Every structure is written in structure tokens, then in C-alpha cells.
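**Student:** Just so it is clear, I am handing over run-v5.cif, which has mmCIF, C-alpha atoms.
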```cif
data_entry
#
loop_
_atom_site.label_atom_id
_atom_site.label_comp_id
_atom_site.auth_asym_id
_atom_site.auth_seq_id
_atom_site.Cartn_x
_atom_site.Cartn_y
_atom_site.Cartn_z
CA MET A 1 0.00 0.00 0.00
CA THR A 2 1.31 3.48 -0.84
CA ARG A 3 1.92 6.00 1.91
CA PRO A 4 -1.14 8.19 0.98
CA GLY A 5 -3.34 5.11 0.78
CA ARG A 6 -2.06 3.83 4.10
CA LEU A 7 -2.73 7.17 5.75
CA GLY A 8 -6.24 7.12 4.36
CA VAL A 9 -6.90 3.79 6.03
CA PHE A 10 -5.39 5.14 9.27
CA ALA A 11 -7.66 8.19 9.15
CA LEU A 12 -10.74 6.06 8.53
CA ALA A 13 -9.86 3.71 11.36
CA GLY A 14 -9.29 6.66 13.66
CA CYS A 15 -12.65 8.16 12.81
CA LEU A 16 -14.37 4.84 13.38
CA GLY A 17 -12.64 4.60 16.74
CA CYS A 18 -13.90 8.03 17.74
CA GLY A 19 -17.39 7.31 16.59
CA LEU A 20 -17.71 3.97 18.36
CA THR A 21 -15.85 4.53 21.60
CA GLY A 22 -14.99 8.20 21.99
CA CYS A 23 -11.50 9.69 21.63
CA GLY A 24 -9.01 10.71 24.25
CA GLY A 25 -9.67 14.41 23.63
CA ASP A 26 -13.22 14.03 24.93
CA GLN A 27 -12.14 12.33 28.15
CA ALA A 28 -10.81 13.69 31.40
CA GLY A 29 -7.39 12.14 30.70
CA ALA A 30 -7.60 8.86 32.60
CA ALA A 31 -9.61 5.69 32.21
CA ASP A 32 -13.02 5.34 33.87
CA ASP A 33 -11.44 3.22 36.62
CA GLY A 34 -8.95 5.99 37.35
CA ARG A 35 -6.05 4.23 35.66
CA VAL A 36 -4.13 5.80 32.80
CA ASP A 37 -4.06 4.00 29.46
CA VAL A 38 -0.51 4.05 28.06
CA VAL A 39 0.28 2.65 24.60
CA VAL A 40 3.89 1.87 23.62
CA SER A 41 5.48 0.67 20.40
CA SER A 42 8.30 -1.57 21.67
CA TYR A 43 9.32 -3.56 24.74
CA PRO A 44 11.96 -1.21 26.25
CA LEU A 45 9.38 1.58 26.23
CA GLU A 46 6.88 -0.77 27.86
CA TYR A 47 9.37 -1.54 30.61
CA VAL A 48 9.91 2.14 31.41
CA ALA A 49 6.20 3.01 31.28
CA ALA A 50 5.29 0.14 33.60
CA GLU A 51 8.09 0.94 36.05
CA VAL A 52 7.17 4.61 36.25
CA GLY A 53 3.40 4.18 36.16
CA GLY A 54 3.12 1.24 38.53
CA ASP A 55 -0.42 0.28 39.42
CA ARG A 56 -1.75 3.62 38.17
CA VAL A 57 -1.33 2.66 34.50
CA ASP A 58 -2.44 0.01 32.03
CA VAL A 59 0.31 -0.43 29.44
CA THR A 60 -0.47 -1.83 25.99
CA ASN A 61 2.42 -2.81 23.73
CA LEU A 62 1.54 -2.82 20.03
CA VAL A 63 4.21 -5.49 19.52
CA PRO A 64 3.14 -8.84 21.00
CA ALA A 65 5.50 -10.81 23.22
CA GLY A 66 8.22 -12.31 21.03
CA GLY A 67 7.23 -10.12 18.07
CA ASP A 68 9.55 -8.09 15.88
CA SER A 69 9.28 -4.35 16.49
CA HIS A 70 11.09 -3.44 13.26
CA GLY A 71 8.78 -2.19 10.53
CA LEU A 72 5.62 -2.69 12.58
CA GLU A 73 2.55 -2.24 10.36
CA PRO A 74 -0.38 -1.25 12.60
CA THR A 75 -3.77 -2.85 12.11
CA PRO A 76 -6.96 -0.76 12.26
CA ARG A 77 -7.35 -1.98 15.85
CA ASP A 78 -3.85 -0.70 16.62
CA VAL A 79 -4.78 2.69 15.17
CA MET A 80 -7.84 2.84 17.39
CA THR A 81 -5.73 1.85 20.39
CA LEU A 82 -3.29 4.68 19.66
CA THR A 83 -6.11 7.15 19.14
CA GLU A 84 -7.82 6.30 22.42
CA ALA A 85 -4.65 6.22 24.55
CA ASP A 86 -4.16 8.73 27.33
CA VAL A 87 -0.39 8.66 26.73
CA VAL A 88 1.64 7.24 23.84
CA VAL A 89 5.33 6.38 24.28
CA HIS A 90 7.13 5.92 20.97
CA LEU A 91 10.53 6.08 19.28
CA SER A 92 10.10 7.92 16.00
CA GLY A 93 12.45 7.49 13.07
CA ALA A 94 13.61 4.48 11.09
CA LEU A 95 12.37 1.76 13.47
CA GLN A 96 8.61 2.01 12.86
CA PRO A 97 7.76 4.56 10.15
CA ALA A 98 4.17 3.33 9.90
CA ILE A 99 3.57 4.28 13.55
CA ASP A 100 5.08 7.69 12.80
CA ASP A 101 2.49 8.06 10.04
CA VAL A 102 -0.37 7.20 12.36
CA LEU A 103 0.74 9.66 15.02
CA ALA A 104 1.21 12.41 12.43
CA GLN A 105 -2.31 11.79 11.14
CA GLN A 106 -4.08 11.39 14.49
CA GLU A 107 -1.95 13.80 16.58
CA PRO A 108 -2.61 12.41 20.08
CA GLU A 109 -2.43 15.06 22.77
CA HIS A 110 0.07 13.28 25.03
CA VAL A 111 3.05 11.69 23.24
CA VAL A 112 6.48 10.93 24.69
CA ASP A 113 8.99 10.56 21.83
CA ALA A 114 12.28 8.95 22.80
CA THR A 115 14.05 9.95 19.60
CA ALA A 116 16.31 12.51 21.30
CA LEU A 117 17.88 9.63 23.25
CA ALA A 118 18.77 7.74 20.06
CA ASP A 119 21.26 9.81 18.10
CA HIS A 120 23.15 7.09 16.22
CA GLY A 121 21.39 7.55 12.90
CA GLU A 122 19.26 4.51 12.13
CA ASP A 123 20.36 2.53 15.20
CA PRO A 124 17.39 2.54 17.62
CA HIS A 125 18.93 0.44 20.41
CA PHE A 126 19.65 3.27 22.85
CA TRP A 127 18.24 1.23 25.74
CA LEU A 128 21.33 -1.01 25.69
CA ASP A 129 23.04 1.93 27.39
CA PRO A 130 21.24 2.19 30.76
CA VAL A 131 22.44 5.77 31.21
CA ARG A 132 20.57 6.78 28.06
CA LEU A 133 17.42 4.95 29.13
CA ALA A 134 17.08 6.74 32.49
CA PRO A 135 15.89 10.14 31.10
CA LEU A 136 12.99 8.41 29.38
CA GLY A 137 11.59 7.60 32.82
CA THR A 138 11.54 11.29 33.70
CA GLN A 139 9.84 12.16 30.41
CA VAL A 140 7.17 9.52 30.99
CA ALA A 141 6.64 10.69 34.59
CA ASP A 142 6.20 14.30 33.44
CA GLU A 143 3.60 13.34 30.83
CA LEU A 144 1.71 11.08 33.23
CA ALA A 145 1.64 13.95 35.72
CA VAL A 146 -0.14 16.13 33.16
CA VAL A 147 -2.78 13.47 32.54
CA ASP A 148 -3.08 12.37 36.18
CA PRO A 149 -1.88 15.34 38.29
CA ASP A 150 -3.14 13.91 41.59
CA HIS A 151 -0.41 11.28 41.41
CA ALA A 152 2.42 13.39 39.99
CA ASP A 153 4.61 12.86 43.05
CA ARG A 154 4.22 9.10 42.80
CA TYR A 155 5.31 9.11 39.16
CA ALA A 156 8.30 11.31 39.95
CA GLU A 157 9.36 9.03 42.79
CA ARG A 158 9.11 5.93 40.64
CA ALA A 159 11.11 7.62 37.87
CA GLU A 160 13.83 8.46 40.39
CA ARG A 161 13.83 4.87 41.61
CA LEU A 162 14.17 3.61 38.04
CA ALA A 163 17.04 6.04 37.38
CA ALA A 164 18.83 4.80 40.50
CA SER A 165 18.51 1.17 39.41
CA LEU A 166 19.79 2.01 35.92
CA GLN A 167 22.72 3.89 37.45
CA GLU A 168 23.53 0.82 39.51
CA MET A 169 23.35 -1.32 36.39
CA ASP A 170 25.70 1.06 34.57
CA GLU A 171 28.20 0.88 37.41
CA GLU A 172 28.07 -2.91 37.37
CA TYR A 173 28.72 -2.94 33.61
CA ALA A 174 31.52 -0.38 33.87
CA THR A 175 33.30 -2.33 36.60
CA ALA A 176 32.93 -5.72 34.93
CA LEU A 177 33.98 -4.49 31.49
CA ALA A 178 36.82 -2.22 32.55
CA PRO A 179 39.42 -4.96 31.83
CA CYS A 180 37.87 -5.39 28.36
CA ARG A 181 38.23 -1.80 27.11
CA GLY A 182 39.18 -1.77 23.45
CA ALA A 183 38.06 -5.37 22.92
CA THR A 184 36.23 -6.26 19.71
CA LEU A 185 32.59 -7.22 20.07
CA LEU A 186 31.87 -9.37 17.04
CA ALA A 187 28.11 -9.55 16.50
CA SER A 188 25.88 -11.13 13.89
CA HIS A 189 24.48 -7.65 13.23
CA GLU A 190 25.26 -4.13 14.39
CA ALA A 191 22.74 -3.69 17.21
CA PHE A 192 25.19 -2.83 19.98
CA GLY A 193 26.63 0.56 19.09
CA TYR A 194 25.29 2.34 22.18
CA LEU A 195 26.58 -0.40 24.48
CA THR A 196 30.05 -0.47 22.93
CA GLU A 197 30.31 3.32 23.00
CA ARG A 198 29.41 3.48 26.69
CA TYR A 199 31.87 0.82 27.82
CA GLY A 200 34.81 1.40 25.50
CA LEU A 201 34.36 -1.61 23.25
CA ARG A 202 34.60 -1.86 19.47
CA GLN A 203 31.69 -3.30 17.51
CA VAL A 204 32.14 -5.33 14.35
CA GLY A 205 28.95 -6.60 12.75
CA VAL A 206 28.76 -9.42 10.22
CA ALA A 207 25.58 -7.76 8.96
CA GLY A 208 24.53 -4.16 9.36
CA LEU A 209 21.62 -2.91 11.44
CA ASP A 210 19.15 -5.05 9.50
CA PRO A 211 19.97 -8.73 10.17
CA HIS A 212 17.77 -9.79 7.25
CA VAL A 213 19.97 -8.15 4.61
CA GLU A 214 22.24 -10.68 2.90
CA VAL A 215 25.91 -10.25 3.78
CA SER A 216 28.10 -9.45 0.77
CA PRO A 217 31.30 -11.44 0.15
CA THR A 218 33.30 -8.20 0.41
CA ARG A 219 31.92 -7.43 3.85
CA LEU A 220 32.45 -11.00 4.99
CA ARG A 221 36.11 -10.86 3.93
CA ARG A 222 36.57 -7.64 5.91
CA VAL A 223 35.06 -9.28 8.98
CA VAL A 224 37.35 -12.30 8.61
CA ASP A 225 40.39 -10.06 8.34
CA ASP A 226 39.25 -8.07 11.36
CA VAL A 227 38.80 -11.20 13.47
CA ARG A 228 42.28 -12.41 12.59
CA ASP A 229 43.82 -9.01 13.31
CA THR A 230 42.10 -8.45 16.67
CA GLY A 231 42.02 -11.99 18.01
CA ALA A 232 38.29 -11.88 18.72
CA ARG A 233 37.26 -15.29 19.99
CA THR A 234 33.44 -15.19 20.12
CA ILE A 235 30.70 -14.24 17.71
CA PHE A 236 27.51 -13.07 19.40
CA PHE A 237 24.14 -13.71 17.83
CA GLU A 238 20.49 -13.02 18.61
CA ALA A 239 18.66 -16.17 19.68
CA ALA A 240 15.41 -15.11 17.98
CA ALA A 241 17.16 -14.70 14.63
CA GLY A 242 19.25 -17.88 14.84
CA LEU A 243 22.91 -18.36 14.03
CA GLY A 244 22.78 -17.99 10.24
CA VAL A 245 26.05 -16.70 8.76
CA ALA A 246 27.48 -16.45 12.28
CA GLU A 247 27.60 -20.23 12.52
CA THR A 248 29.51 -20.53 9.25
CA LEU A 249 31.97 -17.88 10.34
CA ALA A 250 32.43 -19.53 13.73
CA ASP A 251 33.15 -22.90 12.11
CA GLU A 252 35.66 -21.47 9.65
CA LEU A 253 37.57 -19.37 12.17
CA GLY A 254 37.26 -21.59 15.23
CA LEU A 255 35.17 -19.05 17.16
CA ALA A 256 32.84 -19.70 20.06
CA THR A 257 29.24 -18.53 19.80
CA ASP A 258 27.10 -16.90 22.46
CA VAL A 259 23.79 -15.08 22.71
CA LEU A 260 23.67 -11.29 23.05
CA HIS A 261 20.15 -9.90 23.30
CA PRO A 262 19.22 -6.56 21.67
CA ILE A 263 16.14 -6.59 23.94
CA GLU A 264 13.54 -6.18 21.23
CA ARG A 265 11.87 -9.57 20.82
CA VAL A 266 11.12 -10.36 24.45
CA ALA A 267 9.20 -13.37 25.69
CA ASP A 268 6.66 -13.12 28.49
CA GLU A 269 9.05 -14.45 31.12
CA GLU A 270 11.92 -12.14 30.11
CA SER A 271 12.64 -8.65 31.45
CA TYR A 272 14.98 -5.76 30.75
CA PRO A 273 17.02 -6.19 33.97
CA GLY A 274 17.27 -9.95 33.49
CA LEU A 275 18.37 -9.68 29.88
CA MET A 276 20.90 -6.95 30.65
CA THR A 277 22.36 -9.18 33.37
CA ALA A 278 22.55 -12.10 30.94
CA ASN A 279 24.19 -9.86 28.33
CA LEU A 280 26.87 -8.76 30.78
CA ALA A 281 27.65 -12.37 31.67
CA ALA A 282 27.91 -13.26 27.97
CA LEU A 283 30.26 -10.34 27.32
CA ARG A 284 32.53 -11.35 30.18
CA ARG A 285 32.64 -14.91 28.83
CA GLY A 286 33.20 -13.99 25.21
CA LEU A 287 35.32 -10.85 25.03
CA VAL A 288 39.09 -10.81 25.15
CA CYS A 289 39.77 -9.10 28.50
CA THR A 290 42.89 -8.56 30.57
CA GLY A 291 41.38 -9.67 33.85
#
```
Would you put the structure from the file into C-alpha cells?
**Tutor:**
Amino acid sequence: MTRPGRLGVFALAGCLGCGLTGCGGDQAGAADDGRVDVVVSSYPLEYVAAEVGGDRVDVTNLVPAGGDSHGLEPTPRDVMTLTEADVVVHLSGALQPAIDDVLAQQEPEHVVDATALADHGEDPHFWLDPVRLAPLGTQVADELAVVDPDHADRYAERAERLAASLQEMDEEYATALAPCRGATLLASHEAFGYLTERYGLRQVGVAGLDPHVEVSPTRLRRVVDDVRDTGARTIFFEAAAGLGVAETLADELGLATDVLHPIERVADEESYPGLMTANLAALRRGLVCTG
């Protein structure tokens, strides 16, 4: 579907949503039960919204558990959900352009856009740097306070608590990875730029940001040369995407393989803190470190 046609469908769905259920602009700002309806467009944003909102919010993630957030194409029901939300938390840009289109067409009153926290071009994975994720909690708390002013202090307190936990996580990473500064992080695709920048590592991706793009022979030769020059000993891959080319490269060069999670496709039993802890353990196992 072309962009104009897609927007037309979005507009129609939005109008139907208003006609059948009423739109957020006609409401007092919170659900009838007093809870705030928050809609997010990826798991890391869901984690922050739930941590800051606590039992005052109902968080709906447009991406189902285990789903791929890249290139999300919203259904008419998704459009209605966005239209009726009290607060929308989204990362605009290259990750989900169709959601950008919906928000531009519907213009919800309360939107938190995390794009200022993601300044690495088309790389959306800013949440892999816990220091970058912390300000999003404050932004969410501020917007929730506008919608639900009676509980503004509670939102601010929870945002501060989240920031403190993320600071603790950052300190744990910094301490554990200090002996690894300058080490090469060889990944199946380049999802770890924010993490490597924060902790002084060097990322080499077999594929670029999109793991579905076929790797060219020229790029593969460069990666092979890089591995031999740096002595990298592990290739990290995303479990949800499978080993793919990484397995071939590991076999040819005698590399170990390990899972490094970009924290996008998250199963019901998984969480941001748990996955970040698992990632740190994998990095300590797989990187070439001095201690």
C-alpha cells in the first residue's frame, strides 16, 4: 500500500474509533477506573512506562511478546488503540515509520517521543546503554503527571527509583567491562553501538543494522580479516534470529558462539534487567579481556 493510501486507512480507522468509543480528547485524561491508558510501540518503552506508572497505568504494547518491532505495520485496531490512549510512548524514526504516520495523522495530545535519546542515525537500540534509558523515565513521569496530576509525586518518585537502578546497572557494567576496554565485540548484526560506546568496546557486525539483509562477500572478507587481526574469539548472535552466517563464520575461524540480546523480541518471562544481566555475563565470557 502506498503511503497516501495507508494514511487514508489510518484516518478512517481513527474516525471509526472516535465514533464507536470516543476519543481521548473528549475524556478527562484517565480511564473510567482511574487508571491511565498508556500505549507503547516496543518492549523497552513498555518496561519504562510500567516501572514509572506502577499500578496507576495500564500499558499496551503494540508489539506482542516475542514479536519483531522493526517495521511494525499497525492494524486498524492498533490505530484505534493509539487514538484512544491517554499517553503514547514511541521512538520515532527508522524503526517504525508506519507508527510515525499514524501519530502524524491522528496527533494524540500526550506523546512521549524517545528519539532525542537515540542519536546514532538509524540505530534505535539506545536502551542497551542504561544511562541513556534513564531520562525516558523522567519524560514519561512528566507526561503522566499532566494526565493524572493527583499522582504526579508518585510518578516522579518511581522515575527516580528507576534512574537509580539504571545507574547501579551502569556501574556494574563499567566495573565488569573495565578490563575489556578496546576489545572487539563481534556480532551477527550491528545492534550494539550504544553499548560499545558506553563501555569502551569496538563493535564489528557481520551484517549491518538489519539482520535480514544478505551479507556481501566483500563485507564478509573484511570481517574475517578483522577477526584475525584483533584476536576476537566469540561471535555473538540473537537467539530469535538464529545463528545464520554467524555459525559458518564460527566454524571457519574456530570461534565460540554466544547469545547477546538486543532486547527487542522479548518473551513473556523475560525482562529488561534480566536480559541486561545475561548480556553482561555473555560479554565477560566472550570478550578478550585482561582480567
**Student:** I need the output of the PyMOL selection byres ((chain A and resi 285) around 12) for this file as a ChimeraX atom specification; which residues are they?
**Tutor:** /A:176-177,180,185,232-236,256-260,278-284,286-289,291
**Student:** Measuring between only C-alpha atoms, which one of A:Ser165, A:Ser41, A:Thr115, A:Ser271 shows the shortest distance to Leu72 in chain A?
**Tutor:**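 Nearest to Leu72 in chain A: A:Ser41.
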**Student:** Which of these residues is nearest to Gln167 in chain A, using only C-alpha atoms: A:Pro135, A:Pro124, A:His261, A:Gly274?
**Tutor:** A:Pro135
**Student:** Take the PyMOL selection byres ((chain A and resi 126) around 12), apply it to the structure above, and return the hits as an NGL selection string.
**Tutor:** :A and (44-45 or 91 or 95 or 114-125 or 127-136 or 191-198 or 262-264)
**Student:** Mind pulling up the distance from CA of Ile99 in chain A to CA of Val215 in chain A?
**Tutor:**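 Between CA of Val215 in chain A and CA of Ile99 in chain A the gap is 28.4 Å.
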**Student:** Given all atoms listed in the file as the basis, pick out the residue of A:Ala267, A:Ala85, A:Asp101, A:Leu253 nearest to Val63 in chain A.
**Tutor:**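 Among the listed residues, A:Ala267 lies closest to Val63 in chain A.
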**Student:** If we count all atoms listed in the file, what is near Ala49 in chain A at a cut-off of 8 Å, once residues fewer than 3 positions away on the same chain are taken out, given as a list in words?
**Tutor:** Val38, Leu45, Glu46, Val52, Gly53, Val59, Val89, Gly137 and Val140 of chain A
**Student:** For Arg228 in chain A, which of A:Gly244, A:Gly254, A:Pro97, A:Pro64 is the closest residue, counting only C-alpha atoms?
**Tutor:** A:Gly254
**Student:** Could you tell me how far CA of Gly205 in chain A sits from CA of Phe237 in chain A, in Å to one decimal place?
**Tutor:** 10.0 Å
**Student:** In Å to one decimal, how far is CA of Val48 in chain A from CA of Pro76 in chain A?
**Tutor:** 25.7 Å
**Student:** If we count only C-alpha atoms and set the cut-off at 9 Å, which residues sit around Tyr272 in chain A, ignoring sequence neighbours fewer than 4 positions away in its own chain? Please answer as a list in words.
**Tutor:**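 In the requested form, the answer reads Tyr43, Pro44, Tyr47, Ile263, Val266, Met276 and Thr277 of chain A.
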**Student:** Looking at A:Ala246, A:Val111, A:Met169, A:Val57, which one is nearest to Leu275 in chain A, with distances taken over only C-alpha atoms?
**Tutor:**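 Between A:Ala246, A:Val111, A:Met169, A:Val57, the residue approaching Leu275 in chain A most closely is A:Met169.
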